[in-house]
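Asks: Data: data24.cif, mmCIF, N, CA and C atoms.
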data_input
loop_
_atom_site.label_atom_id
_atom_site.label_comp_id
_atom_site.auth_asym_id
_atom_site.auth_seq_id
_atom_site.Cartn_x
_atom_site.Cartn_y
_atom_site.Cartn_z
N MET A 821 5.73 25.09 -8.26
CA MET A 821 5.17 23.75 -8.36
C MET A 821 5.64 22.94 -7.15
N ASP A 822 4.72 22.46 -6.37
CA ASP A 822 5.04 21.65 -5.20
C ASP A 822 4.87 20.17 -5.53
N VAL A 823 5.95 19.44 -5.38
CA VAL A 823 5.92 18.00 -5.64
C VAL A 823 6.05 17.28 -4.30
N PRO A 824 5.14 16.33 -4.02
CA PRO A 824 5.27 15.58 -2.76
C PRO A 824 6.59 14.79 -2.73
N LEU A 825 7.13 14.65 -1.51
CA LEU A 825 8.40 13.95 -1.36
C LEU A 825 8.33 12.52 -1.87
N TRP A 826 7.23 11.82 -1.57
CA TRP A 826 7.12 10.43 -1.99
C TRP A 826 7.13 10.31 -3.51
N LEU A 827 6.51 11.27 -4.22
CA LEU A 827 6.50 11.23 -5.68
C LEU A 827 7.90 11.51 -6.23
N ALA A 828 8.59 12.47 -5.65
CA ALA A 828 9.95 12.78 -6.10
C ALA A 828 10.88 11.58 -5.89
N LEU A 829 10.75 10.90 -4.74
CA LEU A 829 11.59 9.73 -4.47
C LEU A 829 11.30 8.60 -5.44
N ILE A 830 10.03 8.38 -5.76
CA ILE A 830 9.68 7.34 -6.72
C ILE A 830 10.25 7.65 -8.10
N LEU A 831 10.12 8.91 -8.53
CA LEU A 831 10.63 9.29 -9.85
C LEU A 831 12.15 9.19 -9.93
N ILE A 832 12.84 9.67 -8.90
CA ILE A 832 14.31 9.61 -8.88
C ILE A 832 14.77 8.16 -8.81
N GLY A 833 14.08 7.36 -8.00
CA GLY A 833 14.43 5.94 -7.90
C GLY A 833 14.22 5.20 -9.21
N ALA A 834 13.11 5.46 -9.87
CA ALA A 834 12.84 4.80 -11.16
C ALA A 834 13.86 5.21 -12.21
N LEU A 835 14.21 6.48 -12.21
CA LEU A 835 15.21 6.96 -13.17
C LEU A 835 16.58 6.33 -12.89
N GLY A 836 16.94 6.25 -11.60
CA GLY A 836 18.22 5.65 -11.24
C GLY A 836 18.28 4.17 -11.59
N ILE A 837 17.18 3.46 -11.37
CA ILE A 837 17.15 2.03 -11.72
C ILE A 837 17.25 1.85 -13.22
N LYS A 838 16.58 2.73 -13.96
CA LYS A 838 16.59 2.62 -15.42
C LYS A 838 17.98 2.94 -16.00
N LEU A 839 18.65 3.95 -15.43
CA LEU A 839 19.94 4.37 -15.99
C LEU A 839 21.11 3.52 -15.50
N ILE A 840 21.15 3.22 -14.21
CA ILE A 840 22.30 2.52 -13.63
C ILE A 840 22.15 1.01 -13.71
N ARG A 841 20.91 0.52 -13.66
CA ARG A 841 20.58 -0.90 -13.72
C ARG A 841 21.27 -1.74 -12.64
N PRO A 842 21.03 -1.38 -11.35
CA PRO A 842 21.59 -2.22 -10.28
C PRO A 842 20.79 -3.52 -10.19
N PRO A 843 21.36 -4.54 -9.59
CA PRO A 843 20.60 -5.78 -9.41
C PRO A 843 19.41 -5.54 -8.47
N TRP A 844 18.32 -6.26 -8.70
CA TRP A 844 17.10 -6.05 -7.92
C TRP A 844 17.30 -6.40 -6.46
N TRP A 845 18.19 -7.37 -6.17
CA TRP A 845 18.41 -7.73 -4.77
C TRP A 845 19.05 -6.57 -4.02
N LEU A 846 19.91 -5.80 -4.70
CA LEU A 846 20.55 -4.65 -4.07
C LEU A 846 19.53 -3.55 -3.77
N VAL A 847 18.62 -3.33 -4.69
CA VAL A 847 17.56 -2.34 -4.46
C VAL A 847 16.71 -2.77 -3.27
N ALA A 848 16.35 -4.04 -3.21
CA ALA A 848 15.53 -4.55 -2.10
C ALA A 848 16.27 -4.42 -0.77
N VAL A 849 17.56 -4.74 -0.74
CA VAL A 849 18.34 -4.64 0.49
C VAL A 849 18.44 -3.19 0.95
N LEU A 850 18.65 -2.27 0.04
CA LEU A 850 18.73 -0.85 0.41
C LEU A 850 17.40 -0.33 0.94
N LEU A 851 16.31 -0.72 0.30
CA LEU A 851 15.00 -0.27 0.77
C LEU A 851 14.66 -0.86 2.13
N LEU A 852 14.90 -2.14 2.29
CA LEU A 852 14.60 -2.79 3.56
C LEU A 852 15.53 -2.26 4.66
N GLY A 853 16.80 -2.08 4.35
CA GLY A 853 17.74 -1.55 5.33
C GLY A 853 17.37 -0.14 5.76
N GLY A 854 16.97 0.71 4.83
CA GLY A 854 16.55 2.06 5.18
C GLY A 854 15.30 2.07 6.02
N PHE A 855 14.38 1.18 5.70
CA PHE A 855 13.14 1.08 6.49
C PHE A 855 13.44 0.63 7.91
N LEU A 856 14.32 -0.36 8.05
CA LEU A 856 14.65 -0.86 9.38
C LEU A 856 15.46 0.14 10.19
N LEU A 857 16.37 0.86 9.54
CA LEU A 857 17.15 1.88 10.25
C LEU A 857 16.29 3.05 10.70
N ALA A 858 15.26 3.39 9.94
CA ALA A 858 14.40 4.51 10.30
C ALA A 858 13.61 4.22 11.57
N ASP A 859 13.43 2.95 11.90
CA ASP A 859 12.64 2.59 13.08
C ASP A 859 13.53 2.01 14.18
N SER A 860 14.82 2.26 14.11
CA SER A 860 15.74 1.68 15.09
C SER A 860 16.19 2.73 16.10
N LEU A 861 17.05 2.29 17.01
CA LEU A 861 17.61 3.22 18.00
C LEU A 861 18.60 4.19 17.36
N LEU A 862 19.08 3.88 16.17
CA LEU A 862 20.03 4.75 15.49
C LEU A 862 19.36 5.91 14.76
N ALA A 863 18.05 5.93 14.71
CA ALA A 863 17.33 6.97 13.96
C ALA A 863 17.68 8.38 14.45
N PRO A 864 17.70 8.66 15.76
CA PRO A 864 18.07 10.03 16.19
C PRO A 864 19.50 10.41 15.80
N VAL A 865 20.41 9.45 15.85
CA VAL A 865 21.80 9.72 15.47
C VAL A 865 21.88 10.05 13.99
N ILE A 866 21.19 9.27 13.18
CA ILE A 866 21.19 9.52 11.73
C ILE A 866 20.53 10.86 11.43
N ASP A 867 19.46 11.18 12.13
CA ASP A 867 18.74 12.43 11.93
C ASP A 867 19.63 13.63 12.23
N THR A 868 20.37 13.59 13.33
CA THR A 868 21.25 14.72 13.65
C THR A 868 22.41 14.82 12.67
N ALA A 869 22.91 13.68 12.19
CA ALA A 869 24.01 13.70 11.24
C ALA A 869 23.57 14.28 9.89
N ILE A 870 22.35 14.01 9.50
CA ILE A 870 21.86 14.49 8.23
C ILE A 870 21.45 15.95 8.30
N SER A 871 20.86 16.36 9.41
CA SER A 871 20.32 17.72 9.51
C SER A 871 21.40 18.79 9.70
N LYS A 872 22.62 18.41 10.02
CA LYS A 872 23.68 19.42 10.22
C LYS A 872 24.46 19.67 8.97
#
What's the structure tokens form of this structure?
Replies:
Amino acid sequence: MDVPLWLALILIGALGIKLIRPPWWLVAVLLLGGFLLADSLLAPVIDTAISK
């Protein structure tokens, strides 16, 4: 069974929000921060750190 990455992330995120119940502002900051980091100059550094 092949599950698209975006669907898996949505399901894991929804489950984590339901179980852990973090504040919504924290979820928004993490999402926005991840989006901004993915398009920054640090993206290649993060990519090499994660892929090793």
Asks: Give me, as a ChimeraX atom specification, all polymer residues having an atom no more than 10 Å from A:Asp867, counting only C-alpha atoms and skipping those fewer than 5 positions away in the same chain.
Replies: /A:858,862,872
Asks: Among the residues of chain A, find those DSSP assigns to helix (DSSP H, G or I) from the backbone and print them as a PyMOL selection string.
Replies: chain A and resi 825-840+844-858+863-871
Asks: Would you kindly return, as a PyMOL selection string, each protein, DNA or RNA residue with an atom no farther than 10 Å from any atom of stretch 827-833 of chain A, considering only C-alpha atoms and excluding same-chain residues fewer than 5 positions away?
Replies: chain A and resi 838-839+847
Asks: For those residues, write N, CA and C atoms to a file as a PDB file, in the frame of the given file.
Replies:
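Below is the file that was written, again-v8.pdb:
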ATOM      1  N   LYS A 838      16.580   2.730 -13.960  1.00  0.00           N
ATOM      2  CA  LYS A 838      16.590   2.620 -15.420  1.00  0.00           C
ATOM      3  C   LYS A 838      17.980   2.940 -16.000  1.00  0.00           C
ATOM      4  N   LEU A 839      18.650   3.950 -15.430  1.00  0.00           N
ATOM      5  CA  LEU A 839      19.940   4.370 -15.990  1.00  0.00           C
ATOM      6  C   LEU A 839      21.110   3.520 -15.500  1.00  0.00           C
ATOM      7  N   VAL A 847      18.620  -3.330  -4.690  1.00  0.00           N
ATOM      8  CA  VAL A 847      17.560  -2.340  -4.460  1.00  0.00           C
ATOM      9  C   VAL A 847      16.710  -2.770  -3.270  1.00  0.00           C
TER      10      VAL A 847
END
Asks: Can you work out the spacing between atom CA of A:Ile870 and atom CA of A:Leu856 in Å, to one decimal?
Replies: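 Pair atom CA of A:Ile870 / atom CA of A:Leu856 returns 17.0 Å.
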Asks: So the first atom is atom N of A:Leu851 and the second is atom C of A:Asp822; what is the distance between them in Å, to one decimal place?
Replies: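 That distance, rounded to one decimal, is 24.5 Å.
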Asks: Given 8 Å on each side, where is the centre and what are the edge lengths in Å to one decimal of the axis-aligned box enclosing the listed atoms of stretch 855-859 of chain A, as AutoDock Vina command-line options?
Replies:
--center_x 14.9 --center_y 1.8 --center_z 9.9 --size_x 20.5 --size_y 21.4 --size_z 24.5
Asks: What is the distance between atom CA of A:Ala848 and atom CA of A:Trp826, in Å to one decimal?
Replies: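 Computed distance, atom CA of A:Ala848 to atom CA of A:Trp826, equals 17.2 Å.
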Asks: Starting from the sparse input, extend stretch 852-863 of chain A to all heavy atoms and give the output as a PDB file, in the coordinates of the input.
Replies:
ATOM      1  N   LEU A 852      14.900  -2.140   2.290  1.00  0.00           N
ATOM      2  CA  LEU A 852      14.600  -2.790   3.560  1.00  0.00           C
ATOM      3  C   LEU A 852      15.530  -2.260   4.660  1.00  0.00           C
ATOM      4  O   LEU A 852      15.092  -2.008   5.781  1.00  0.00           O
ATOM      5  CB  LEU A 852      14.747  -4.306   3.433  1.00  0.00           C
ATOM      6  CG  LEU A 852      14.391  -5.120   4.658  1.00  0.00           C
ATOM      7  CD1 LEU A 852      12.927  -4.915   5.018  1.00  0.00           C
ATOM      8  CD2 LEU A 852      14.664  -6.588   4.421  1.00  0.00           C
ATOM      9  N   GLY A 853      16.800  -2.080   4.350  1.00  0.00           N
ATOM     10  CA  GLY A 853      17.740  -1.550   5.330  1.00  0.00           C
ATOM     11  C   GLY A 853      17.370  -0.140   5.760  1.00  0.00           C
ATOM     12  O   GLY A 853      17.435   0.194   6.946  1.00  0.00           O
ATOM     13  N   GLY A 854      16.970   0.710   4.830  1.00  0.00           N
ATOM     14  CA  GLY A 854      16.550   2.060   5.180  1.00  0.00           C
ATOM     15  C   GLY A 854      15.300   2.070   6.020  1.00  0.00           C
ATOM     16  O   GLY A 854      15.177   2.845   6.968  1.00  0.00           O
ATOM     17  N   PHE A 855      14.380   1.180   5.700  1.00  0.00           N
ATOM     18  CA  PHE A 855      13.140   1.080   6.490  1.00  0.00           C
ATOM     19  C   PHE A 855      13.440   0.630   7.910  1.00  0.00           C
ATOM     20  O   PHE A 855      12.907   1.168   8.870  1.00  0.00           O
ATOM     21  CB  PHE A 855      12.185   0.098   5.799  1.00  0.00           C
ATOM     22  CG  PHE A 855      10.920  -0.132   6.562  1.00  0.00           C
ATOM     23  CD1 PHE A 855       9.929   0.825   6.575  1.00  0.00           C
ATOM     24  CD2 PHE A 855      10.728  -1.299   7.268  1.00  0.00           C
ATOM     25  CE1 PHE A 855       8.758   0.619   7.281  1.00  0.00           C
ATOM     26  CE2 PHE A 855       9.573  -1.520   7.972  1.00  0.00           C
ATOM     27  CZ  PHE A 855       8.570  -0.553   7.980  1.00  0.00           C
ATOM     28  N   LEU A 856      14.320  -0.360   8.050  1.00  0.00           N
ATOM     29  CA  LEU A 856      14.650  -0.860   9.380  1.00  0.00           C
ATOM     30  C   LEU A 856      15.460   0.140  10.190  1.00  0.00           C
ATOM     31  O   LEU A 856      15.279   0.271  11.399  1.00  0.00           O
ATOM     32  CB  LEU A 856      15.397  -2.191   9.273  1.00  0.00           C
ATOM     33  CG  LEU A 856      14.568  -3.363   8.749  1.00  0.00           C
ATOM     34  CD1 LEU A 856      15.441  -4.589   8.570  1.00  0.00           C
ATOM     35  CD2 LEU A 856      13.399  -3.660   9.664  1.00  0.00           C
ATOM     36  N   LEU A 857      16.370   0.860   9.540  1.00  0.00           N
ATOM     37  CA  LEU A 857      17.150   1.880  10.250  1.00  0.00           C
ATOM     38  C   LEU A 857      16.290   3.050  10.700  1.00  0.00           C
ATOM     39  O   LEU A 857      16.548   3.643  11.752  1.00  0.00           O
ATOM     40  CB  LEU A 857      18.276   2.409   9.356  1.00  0.00           C
ATOM     41  CG  LEU A 857      19.561   1.604   9.330  1.00  0.00           C
ATOM     42  CD1 LEU A 857      20.530   2.227   8.347  1.00  0.00           C
ATOM     43  CD2 LEU A 857      20.179   1.523  10.699  1.00  0.00           C
ATOM     44  N   ALA A 858      15.260   3.390   9.940  1.00  0.00           N
ATOM     45  CA  ALA A 858      14.400   4.510  10.300  1.00  0.00           C
ATOM     46  C   ALA A 858      13.610   4.220  11.570  1.00  0.00           C
ATOM     47  O   ALA A 858      13.184   5.145  12.252  1.00  0.00           O
ATOM     48  CB  ALA A 858      13.456   4.829   9.158  1.00  0.00           C
ATOM     49  N   ASP A 859      13.430   2.950  11.900  1.00  0.00           N
ATOM     50  CA  ASP A 859      12.640   2.590  13.080  1.00  0.00           C
ATOM     51  C   ASP A 859      13.530   2.010  14.180  1.00  0.00           C
ATOM     52  O   ASP A 859      13.037   1.339  15.077  1.00  0.00           O
ATOM     53  CB  ASP A 859      11.568   1.571  12.669  1.00  0.00           C
ATOM     54  CG  ASP A 859      10.482   1.457  13.704  1.00  0.00           C
ATOM     55  OD1 ASP A 859      10.211   2.469  14.373  1.00  0.00           O
ATOM     56  OD2 ASP A 859       9.905   0.365  13.851  1.00  0.00           O
ATOM     57  N   SER A 860      14.820   2.260  14.110  1.00  0.00           N
ATOM     58  CA  SER A 860      15.740   1.680  15.090  1.00  0.00           C
ATOM     59  C   SER A 860      16.190   2.730  16.100  1.00  0.00           C
ATOM     60  O   SER A 860      15.806   3.890  16.051  1.00  0.00           O
ATOM     61  CB  SER A 860      16.955   1.092  14.382  1.00  0.00           C
ATOM     62  OG  SER A 860      17.774   2.129  13.899  1.00  0.00           O
ATOM     63  N   LEU A 861      17.050   2.290  17.010  1.00  0.00           N
ATOM     64  CA  LEU A 861      17.610   3.220  18.000  1.00  0.00           C
ATOM     65  C   LEU A 861      18.600   4.190  17.360  1.00  0.00           C
ATOM     66  O   LEU A 861      18.937   5.209  17.960  1.00  0.00           O
ATOM     67  CB  LEU A 861      18.308   2.428  19.104  1.00  0.00           C
ATOM     68  CG  LEU A 861      17.404   1.563  19.980  1.00  0.00           C
ATOM     69  CD1 LEU A 861      18.243   0.730  20.933  1.00  0.00           C
ATOM     70  CD2 LEU A 861      16.436   2.425  20.752  1.00  0.00           C
ATOM     71  N   LEU A 862      19.080   3.880  16.170  1.00  0.00           N
ATOM     72  CA  LEU A 862      20.030   4.750  15.490  1.00  0.00           C
ATOM     73  C   LEU A 862      19.360   5.910  14.760  1.00  0.00           C
ATOM     74  O   LEU A 862      20.047   6.790  14.243  1.00  0.00           O
ATOM     75  CB  LEU A 862      20.858   3.941  14.484  1.00  0.00           C
ATOM     76  CG  LEU A 862      21.777   2.886  15.063  1.00  0.00           C
ATOM     77  CD1 LEU A 862      22.428   2.097  13.941  1.00  0.00           C
ATOM     78  CD2 LEU A 862      22.822   3.505  15.937  1.00  0.00           C
ATOM     79  N   ALA A 863      18.050   5.930  14.710  1.00  0.00           N
ATOM     80  CA  ALA A 863      17.330   6.970  13.960  1.00  0.00           C
ATOM     81  C   ALA A 863      17.680   8.380  14.450  1.00  0.00           C
ATOM     82  O   ALA A 863      17.918   9.269  13.612  1.00  0.00           O
ATOM     83  CB  ALA A 863      15.835   6.712  14.000  1.00  0.00           C
TER      84      ALA A 863
END
